[in-house]
$ cat entry_14.cif   # mmCIF, C-alpha atoms
data_protein
#
loop_
_atom_site.label_atom_id
_atom_site.label_comp_id
_atom_site.auth_asym_id
_atom_site.auth_seq_id
_atom_site.Cartn_x
_atom_site.Cartn_y
_atom_site.Cartn_z
CA MET A 1301 -47.42 46.37 17.85
CA PRO A 1302 -44.95 43.75 16.60
CA GLU A 1303 -44.80 42.32 20.13
CA ASN A 1304 -48.55 41.71 20.11
CA ASP A 1305 -48.27 39.85 16.82
CA GLN A 1306 -45.53 37.66 18.29
CA ASN A 1307 -47.50 36.89 21.46
CA SER A 1308 -50.65 36.21 19.47
CA SER A 1309 -48.76 33.88 17.14
CA THR A 1310 -47.25 31.98 20.07
CA GLU A 1311 -50.66 31.62 21.71
CA ASN A 1312 -52.16 30.38 18.44
CA TRP A 1313 -49.43 27.75 18.07
CA SER A 1314 -49.87 26.69 21.68
CA THR A 1315 -53.63 26.33 21.23
CA ALA A 1316 -53.16 24.38 18.00
CA LEU A 1317 -50.69 21.99 19.65
CA ARG A 1318 -53.03 21.38 22.60
CA TYR A 1319 -55.88 20.69 20.17
CA ILE A 1320 -53.77 18.23 18.16
CA ALA A 1321 -52.57 16.47 21.32
CA GLY A 1322 -56.15 16.17 22.59
CA ARG A 1323 -57.37 14.70 19.30
CA LYS A 1324 -54.46 12.27 19.19
CA ALA A 1325 -55.22 11.10 22.74
CA ALA A 1326 -58.91 10.66 21.89
CA GLU A 1327 -58.07 8.69 18.75
CA GLU A 1328 -55.67 6.46 20.72
CA SER A 1329 -58.36 5.80 23.34
CA LEU A 1330 -60.99 4.93 20.73
CA GLY A 1331 -58.53 2.63 18.96
CA PHE A 1332 -57.69 0.93 22.24
CA LEU A 1333 -61.36 0.44 23.07
CA ALA A 1334 -61.96 -1.07 19.62
CA HIS A 1335 -59.02 -3.42 20.28
CA ILE A 1336 -60.49 -4.50 23.65
CA SER A 1337 -63.89 -5.12 22.04
CA ALA A 1338 -62.28 -7.19 19.29
CA THR A 1339 -60.27 -9.13 21.88
CA VAL A 1340 -63.44 -10.03 23.79
CA GLN A 1341 -65.29 -11.00 20.62
CA GLN A 1342 -62.54 -12.82 18.72
CA THR A 1343 -60.54 -14.71 21.34
CA PRO A 1344 -61.35 -18.35 20.51
CA GLN A 1345 -61.39 -19.92 23.99
CA LEU A 1346 -63.56 -18.46 26.77
CA LYS A 1347 -60.81 -19.04 29.35
CA GLU A 1348 -58.40 -16.95 27.24
CA VAL A 1349 -60.56 -13.81 26.96
CA VAL A 1350 -59.86 -12.24 30.37
CA PRO A 1351 -56.08 -12.86 30.26
CA ALA A 1352 -56.03 -11.40 26.73
CA VAL A 1353 -57.84 -8.27 27.93
CA ALA A 1354 -55.44 -7.91 30.88
CA LYS A 1355 -52.46 -8.29 28.57
CA ALA A 1356 -53.87 -5.67 26.17
CA CYS A 1357 -54.25 -3.16 29.03
CA VAL A 1358 -50.55 -3.21 29.95
CA PRO A 1359 -48.72 -0.94 29.11
CA PHE A 1360 -51.15 1.24 27.10
CA LEU A 1361 -53.71 1.82 29.84
CA ALA A 1362 -51.85 0.75 32.97
CA SER A 1363 -48.60 -0.35 34.53
CA ALA A 1364 -50.43 -3.28 36.13
CA VAL A 1365 -53.92 -4.80 36.01
CA SER A 1366 -55.84 -7.40 37.97
CA LEU A 1367 -59.20 -8.81 36.96
CA GLY A 1368 -61.42 -10.82 39.25
CA ALA A 1369 -63.45 -12.48 36.50
CA LEU A 1370 -65.37 -15.06 38.50
CA ALA A 1371 -67.30 -16.58 35.59
CA THR A 1372 -64.20 -17.96 33.89
CA HIS A 1373 -61.44 -17.83 36.53
CA SER A 1374 -61.53 -18.85 40.16
CA GLN A 1375 -58.30 -16.89 40.78
CA LEU A 1376 -57.39 -13.31 39.91
CA VAL A 1377 -56.01 -12.71 36.44
CA VAL A 1378 -53.00 -10.45 36.89
CA GLN A 1379 -50.84 -8.72 34.28
CA SER A 1380 -48.11 -6.99 36.23
CA PRO A 1381 -44.39 -6.66 36.73
CA THR A 1382 -43.48 -7.93 40.21
CA GLU A 1383 -42.74 -4.38 41.39
CA TYR A 1384 -46.49 -3.62 41.44
CA SER A 1385 -47.69 -6.79 43.17
CA THR A 1386 -47.80 -5.11 46.59
CA ALA A 1387 -49.75 -2.14 45.21
CA LEU A 1388 -52.32 -4.39 43.50
CA GLU A 1389 -52.80 -6.36 46.72
CA GLY A 1390 -53.05 -3.12 48.69
CA VAL A 1391 -55.73 -1.64 46.42
CA ARG A 1392 -57.74 -4.88 46.55
CA GLY A 1393 -57.36 -4.76 50.35
CA LEU A 1394 -58.70 -1.19 50.42
CA ILE A 1395 -61.78 -2.32 48.48
CA ALA A 1396 -62.39 -5.11 50.98
CA GLU A 1397 -61.66 -2.85 53.97
CA THR A 1398 -63.84 0.08 52.93
CA GLY A 1399 -66.60 -2.01 51.40
CA ASP A 1400 -66.70 0.40 48.46
CA LEU A 1401 -67.46 -1.03 45.07
CA LYS A 1402 -65.55 1.75 43.29
CA LEU A 1403 -62.21 3.18 44.35
CA VAL A 1404 -60.35 6.07 42.72
CA ILE A 1405 -56.90 7.14 43.89
CA SER A 1406 -55.32 9.85 41.74
CA GLU A 1407 -53.61 13.16 42.21
CA HIS A 1408 -55.05 14.42 38.92
CA GLU A 1409 -56.94 17.63 39.63
CA GLY A 1410 -60.07 16.28 37.94
CA LEU A 1411 -60.25 13.28 40.29
CA LEU A 1412 -59.12 14.77 43.62
CA LYS A 1413 -62.73 15.03 44.88
CA GLN A 1414 -63.20 11.29 44.34
CA THR A 1415 -59.92 10.39 46.06
CA ASP A 1416 -59.64 9.73 49.77
CA PRO A 1417 -56.59 11.85 50.78
CA GLY A 1418 -55.40 9.06 53.07
CA HIS A 1419 -55.10 6.65 50.14
CA LEU A 1420 -52.55 8.69 48.16
CA PRO A 1421 -49.71 8.22 50.70
CA LEU A 1422 -50.51 4.50 50.91
CA LEU A 1423 -50.29 4.18 47.15
CA ARG A 1424 -46.96 6.05 47.14
CA GLN A 1425 -45.71 3.70 49.86
CA TRP A 1426 -46.62 0.80 47.56
CA ARG A 1427 -44.62 2.50 44.77
CA ALA A 1428 -47.53 3.44 42.52
CA SER A 1429 -48.94 6.84 41.58
CA SER A 1430 -52.63 6.24 40.80
CA ALA A 1431 -55.18 3.45 40.81
CA VAL A 1432 -58.79 2.69 40.01
CA ALA A 1433 -60.88 -0.30 41.09
CA LEU A 1434 -64.24 -0.82 39.41
CA PRO A 1435 -66.81 -3.57 39.93
CA LEU A 1436 -67.49 -5.90 37.02
CA THR A 1437 -71.26 -5.61 37.21
CA TYR A 1438 -73.55 -6.07 34.24
CA ARG A 1439 -77.33 -5.98 34.56
CA GLY A 1440 -77.18 -6.88 38.22
CA LEU A 1441 -74.69 -9.74 37.84
CA ARG A 1442 -71.54 -9.07 39.86
CA GLY A 1443 -68.34 -10.61 38.65
CA GLY A 1444 -65.39 -9.28 40.63
CA HIS A 1445 -63.29 -6.14 40.11
CA LEU A 1446 -61.01 -4.55 37.56
CA VAL A 1447 -58.02 -2.92 39.26
CA VAL A 1448 -55.90 -0.61 37.12
CA LEU A 1449 -52.65 0.73 38.52
CA ARG A 1450 -50.14 3.25 37.19
CA GLY A 1451 -46.59 3.82 38.27
CA ASP A 1452 -44.72 7.13 38.17
CA GLY A 1453 -43.19 6.48 34.78
CA HIS A 1454 -46.40 5.66 32.91
CA ARG A 1455 -46.58 7.57 29.63
CA ARG A 1456 -50.16 8.77 30.26
CA GLY A 1457 -49.34 10.18 33.72
CA PRO A 1458 -51.72 9.85 36.67
CA ILE A 1459 -55.21 8.54 35.93
CA SER A 1460 -57.37 11.38 34.62
CA PRO A 1461 -61.15 11.71 34.17
CA GLY A 1462 -60.74 10.66 30.53
CA ASP A 1463 -58.75 7.62 31.61
CA LEU A 1464 -61.43 6.78 34.18
CA ALA A 1465 -64.05 6.83 31.42
CA LEU A 1466 -61.87 4.52 29.30
CA ILE A 1467 -61.27 2.17 32.25
CA SER A 1468 -65.04 2.13 32.87
CA GLU A 1469 -65.62 1.07 29.27
CA VAL A 1470 -63.10 -1.77 29.61
CA ALA A 1471 -64.80 -2.86 32.86
CA ASP A 1472 -68.20 -2.80 31.13
CA ARG A 1473 -66.95 -5.05 28.33
CA VAL A 1474 -65.43 -7.58 30.72
CA ALA A 1475 -68.56 -7.46 32.92
CA ALA A 1476 -70.77 -8.14 29.90
CA PHE A 1477 -68.52 -11.05 28.93
CA ASN A 1478 -68.74 -12.43 32.50
CA ALA A 1479 -72.54 -12.11 32.46
CA PHE A 1480 -72.69 -13.90 29.10
CA VAL A 1481 -70.53 -16.79 30.35
CA THR A 1482 -72.52 -17.00 33.61
CA GLN A 1483 -75.82 -17.07 31.73
CA MET A 1484 -74.45 -19.62 29.25
CA ALA A 1485 -73.29 -21.86 32.12
CA GLY A 1486 -76.71 -21.52 33.80
CA SER A 1487 -78.61 -22.48 30.68
CA GLU A 1488 -76.39 -25.53 30.14
CA GLY A 1489 -77.18 -26.66 33.68
CA LEU A 1490 -80.92 -26.84 32.93
#

$ encode --input "entry_14.cif" --output "structure tokens"
Amino acid sequence: MPENDQNSSTENWSTALRYIAGRKAAEESLGFLAHISATVQQTPQLKEVVPAVAKACVPFLASAVSLGALATHSQLVVQSPTEYSTALEGVRGLIAETGDLKLVISEHEGLLKQTDPGHLPLLRQWRASSAVALPLTYRGLRGGHLVVLRGDGHRRGPISPGDLALISEVADRVAAFNAFVTQMAGSEGL
């Protein structure tokens, strides 16, 4: 009987630690999302919003980020160490090549069904471990793509379903900002 008590105690501790780690990750994600929202709302110059969001995403959410925010920037806004430049270009090339609006490349078991198996070796060749590209679309207005890339050493590991949800929320906020700026520019032109 003492063995059962020991095994039960170990299982209880393991369950408690997993629960605590899950809550901590959720709290971090909510805090990050609040930070992104505040960045979009409180950055004084419109041209500074998208670079500020990209800067906030690295390193918490990604190893590298590119934002095609057409309303405020004619060129991509990139926050990346040079080692991920090839991977960012490659992922953007895959979007153009496949014509897909959304691209998920991750070895996380929760995202394997959304990942084209041929894309994982390409990403490895480009020295990255996972990537997501999402369109910046808000109420029918398209505004480019958010590309999020993680390297092998990223503290959150490969992109997971929870990370995909968080990345989607960031994309939604930037897309709404782009739509606002586009609408504002259109109304000034009248």

$ resolve_selection --input "entry_14.cif" --expression "the PyMOL selection byres ((chain A and resi 1431-1448) around 7)" --output "list in words"
Ala1362, Ala1364, Val1365, Ser1366, Leu1367, Gly1368, Ala1369, Leu1370, Ala1371, Leu1401, Lys1402, Leu1403, Val1404, Ile1405, Ser1406, Ser1430, Leu1449, Arg1450, Ala1471, Asp1472, Val1474, Ala1475, Ala1476, Asn1478 and Ala1479 of chain A

$ residues_around --input "entry_14.cif" --residues "Gly1451 of chain A" --least-positions-apart "3" --cutoff "8 Å" --atoms "only C-alpha atoms" --output "NGL selection string"
:A and (1363 or 1427-1430 or 1454)

$ closest_residue --input "entry_14.cif" --among "A:Leu1317, A:Ala1354, A:Ala1485, A:Ile1395" --to "Val1378 of chain A" --atoms "all atoms listed in the file"
A:Ala1354

$ resolve_selection --input "entry_14.cif" --expression "the PyMOL selection byres ((chain A and resi 1339) around 12)" --output "PyMOL selection string"
chain A and resi 1332-1338+1340-1346+1348-1357+1470+1473-1474+1477

$ closest_residue --input "entry_14.cif" --among "A:Arg1392, A:Ser1468, A:Ala1321, A:Ser1374" --to "Lys1347 of chain A" --atoms "all atoms listed in the file"
A:Ser1374

$ atom_distance --input "entry_14.cif" --atom1 "atom CA of Thr1386 of chain A" --atom2 "atom CA of Arg1424 of chain A"
11.2 Å

$ atom_distance --input "entry_14.cif" --atom1 "atom CA of Gly1399 of chain A" --atom2 "atom CA of Asp1416 of chain A"
13.7 Å

$ closest_residue --input "entry_14.cif" --among "A:Gly1486, A:Tyr1384, A:Leu1376, A:Gly1418" --to "Asp1452 of chain A" --atoms "all atoms listed in the file"
A:Tyr1384

$ atom_distance --input "entry_14.cif" --atom1 "atom CA of Pro1359 of chain A" --atom2 "atom CA of Val1481 of chain A"
27.0 Å

$ closest_residue --input "entry_14.cif" --among "A:Val1358, A:Leu1411, A:Val1377, A:Leu1423" --to "Gly1390 of chain A" --atoms "all atoms listed in the file"
A:Leu1423

$ decode --input "entry_14.cif" --residues "segment 1431-1460 of chain A" --atoms "N, CA and C atoms" --output "PDB file, in the first residue's frame"
ATOM      1  N   ALA A1431       6.359  28.208 -38.473  1.00  0.00           N
ATOM      2  CA  ALA A1431       5.964  29.509 -39.029  1.00  0.00           C
ATOM      3  C   ALA A1431       4.458  29.546 -39.251  1.00  0.00           C
ATOM      4  N   VAL A1432       3.932  30.760 -39.187  1.00  0.00           N
ATOM      5  CA  VAL A1432       2.527  31.002 -39.500  1.00  0.00           C
ATOM      6  C   VAL A1432       2.461  32.278 -40.315  1.00  0.00           C
ATOM      7  N   ALA A1433       1.647  32.267 -41.355  1.00  0.00           N
ATOM      8  CA  ALA A1433       1.368  33.478 -42.138  1.00  0.00           C
ATOM      9  C   ALA A1433      -0.140  33.649 -42.177  1.00  0.00           C
ATOM     10  N   LEU A1434      -0.600  34.809 -41.719  1.00  0.00           N
ATOM     11  CA  LEU A1434      -2.031  35.097 -41.690  1.00  0.00           C
ATOM     12  C   LEU A1434      -2.317  36.391 -42.432  1.00  0.00           C
ATOM     13  N   PRO A1435      -3.447  36.425 -43.151  1.00  0.00           N
ATOM     14  CA  PRO A1435      -3.802  37.667 -43.854  1.00  0.00           C
ATOM     15  C   PRO A1435      -4.249  38.726 -42.849  1.00  0.00           C
ATOM     16  N   LEU A1436      -3.963  39.964 -43.167  1.00  0.00           N
ATOM     17  CA  LEU A1436      -4.425  41.087 -42.355  1.00  0.00           C
ATOM     18  C   LEU A1436      -5.704  41.614 -42.998  1.00  0.00           C
ATOM     19  N   THR A1437      -6.796  40.892 -42.752  1.00  0.00           N
ATOM     20  CA  THR A1437      -8.083  41.235 -43.344  1.00  0.00           C
ATOM     21  C   THR A1437      -9.052  41.614 -42.248  1.00  0.00           C
ATOM     22  N   TYR A1438      -9.707  42.758 -42.436  1.00  0.00           N
ATOM     23  CA  TYR A1438     -10.687  43.224 -41.455  1.00  0.00           C
ATOM     24  C   TYR A1438     -11.902  43.750 -42.197  1.00  0.00           C
ATOM     25  N   ARG A1439     -13.029  43.114 -41.990  1.00  0.00           N
ATOM     26  CA  ARG A1439     -14.285  43.493 -42.634  1.00  0.00           C
ATOM     27  C   ARG A1439     -14.141  43.665 -44.148  1.00  0.00           C
ATOM     28  N   GLY A1440     -13.460  42.713 -44.750  1.00  0.00           N
ATOM     29  CA  GLY A1440     -13.311  42.705 -46.198  1.00  0.00           C
ATOM     30  C   GLY A1440     -12.141  43.513 -46.738  1.00  0.00           C
ATOM     31  N   LEU A1441     -11.518  44.329 -45.900  1.00  0.00           N
ATOM     32  CA  LEU A1441     -10.351  45.105 -46.353  1.00  0.00           C
ATOM     33  C   LEU A1441      -9.084  44.295 -46.122  1.00  0.00           C
ATOM     34  N   ARG A1442      -8.385  43.993 -47.218  1.00  0.00           N
ATOM     35  CA  ARG A1442      -7.129  43.230 -47.112  1.00  0.00           C
ATOM     36  C   ARG A1442      -5.972  44.193 -46.955  1.00  0.00           C
ATOM     37  N   GLY A1443      -5.037  43.808 -46.109  1.00  0.00           N
ATOM     38  CA  GLY A1443      -3.925  44.710 -45.849  1.00  0.00           C
ATOM     39  C   GLY A1443      -2.581  44.039 -45.735  1.00  0.00           C
ATOM     40  N   GLY A1444      -2.344  42.955 -46.423  1.00  0.00           N
ATOM     41  CA  GLY A1444      -1.048  42.289 -46.352  1.00  0.00           C
ATOM     42  C   GLY A1444      -1.108  41.039 -45.482  1.00  0.00           C
ATOM     43  N   HIS A1445       0.057  40.641 -44.965  1.00  0.00           N
ATOM     44  CA  HIS A1445       0.179  39.432 -44.150  1.00  0.00           C
ATOM     45  C   HIS A1445       1.025  39.688 -42.913  1.00  0.00           C
ATOM     46  N   LEU A1446       0.721  38.919 -41.876  1.00  0.00           N
ATOM     47  CA  LEU A1446       1.585  38.807 -40.706  1.00  0.00           C
ATOM     48  C   LEU A1446       2.274  37.459 -40.823  1.00  0.00           C
ATOM     49  N   VAL A1447       3.609  37.476 -40.817  1.00  0.00           N
ATOM     50  CA  VAL A1447       4.382  36.233 -40.838  1.00  0.00           C
ATOM     51  C   VAL A1447       5.137  36.148 -39.520  1.00  0.00           C
ATOM     52  N   VAL A1448       4.902  35.060 -38.793  1.00  0.00           N
ATOM     53  CA  VAL A1448       5.549  34.809 -37.511  1.00  0.00           C
ATOM     54  C   VAL A1448       6.397  33.564 -37.668  1.00  0.00           C
ATOM     55  N   LEU A1449       7.641  33.664 -37.230  1.00  0.00           N
ATOM     56  CA  LEU A1449       8.609  32.592 -37.423  1.00  0.00           C
ATOM     57  C   LEU A1449       9.288  32.273 -36.101  1.00  0.00           C
ATOM     58  N   ARG A1450       9.484  30.998 -35.833  1.00  0.00           N
ATOM     59  CA  ARG A1450      10.231  30.587 -34.641  1.00  0.00           C
ATOM     60  C   ARG A1450      11.411  29.715 -35.030  1.00  0.00           C
ATOM     61  N   GLY A1451      12.516  29.976 -34.346  1.00  0.00           N
ATOM     62  CA  GLY A1451      13.699  29.150 -34.501  1.00  0.00           C
ATOM     63  C   GLY A1451      13.686  28.036 -33.469  1.00  0.00           C
ATOM     64  N   ASP A1452      14.660  27.138 -33.570  1.00  0.00           N
ATOM     65  CA  ASP A1452      14.740  25.991 -32.656  1.00  0.00           C
ATOM     66  C   ASP A1452      14.850  26.393 -31.193  1.00  0.00           C
ATOM     67  N   GLY A1453      15.538  27.465 -30.912  1.00  0.00           N
ATOM     68  CA  GLY A1453      15.785  27.830 -29.526  1.00  0.00           C
ATOM     69  C   GLY A1453      14.714  28.693 -28.887  1.00  0.00           C
ATOM     70  N   HIS A1454      13.587  28.906 -29.551  1.00  0.00           N
ATOM     71  CA  HIS A1454      12.564  29.780 -28.986  1.00  0.00           C
ATOM     72  C   HIS A1454      11.988  29.167 -27.710  1.00  0.00           C
ATOM     73  N   ARG A1455      11.818  29.996 -26.698  1.00  0.00           N
ATOM     74  CA  ARG A1455      11.413  29.506 -25.376  1.00  0.00           C
ATOM     75  C   ARG A1455      10.023  28.861 -25.359  1.00  0.00           C
ATOM     76  N   ARG A1456       9.152  29.207 -26.309  1.00  0.00           N
ATOM     77  CA  ARG A1456       7.810  28.630 -26.343  1.00  0.00           C
ATOM     78  C   ARG A1456       7.739  27.371 -27.212  1.00  0.00           C
ATOM     79  N   GLY A1457       8.862  26.974 -27.829  1.00  0.00           N
ATOM     80  CA  GLY A1457       8.873  25.778 -28.662  1.00  0.00           C
ATOM     81  C   GLY A1457       8.200  26.025 -29.999  1.00  0.00           C
ATOM     82  N   PRO A1458       7.839  24.947 -30.710  1.00  0.00           N
ATOM     83  CA  PRO A1458       7.165  25.119 -31.995  1.00  0.00           C
ATOM     84  C   PRO A1458       5.787  25.751 -31.783  1.00  0.00           C
ATOM     85  N   ILE A1459       5.284  26.398 -32.794  1.00  0.00           N
ATOM     86  CA  ILE A1459       3.984  27.062 -32.713  1.00  0.00           C
ATOM     87  C   ILE A1459       2.905  26.011 -32.444  1.00  0.00           C
ATOM     88  N   SER A1460       2.110  26.273 -31.417  1.00  0.00           N
ATOM     89  CA  SER A1460       1.054  25.359 -30.976  1.00  0.00           C
ATOM     90  C   SER A1460      -0.316  25.943 -31.333  1.00  0.00           C
TER      91      SER A1460
END
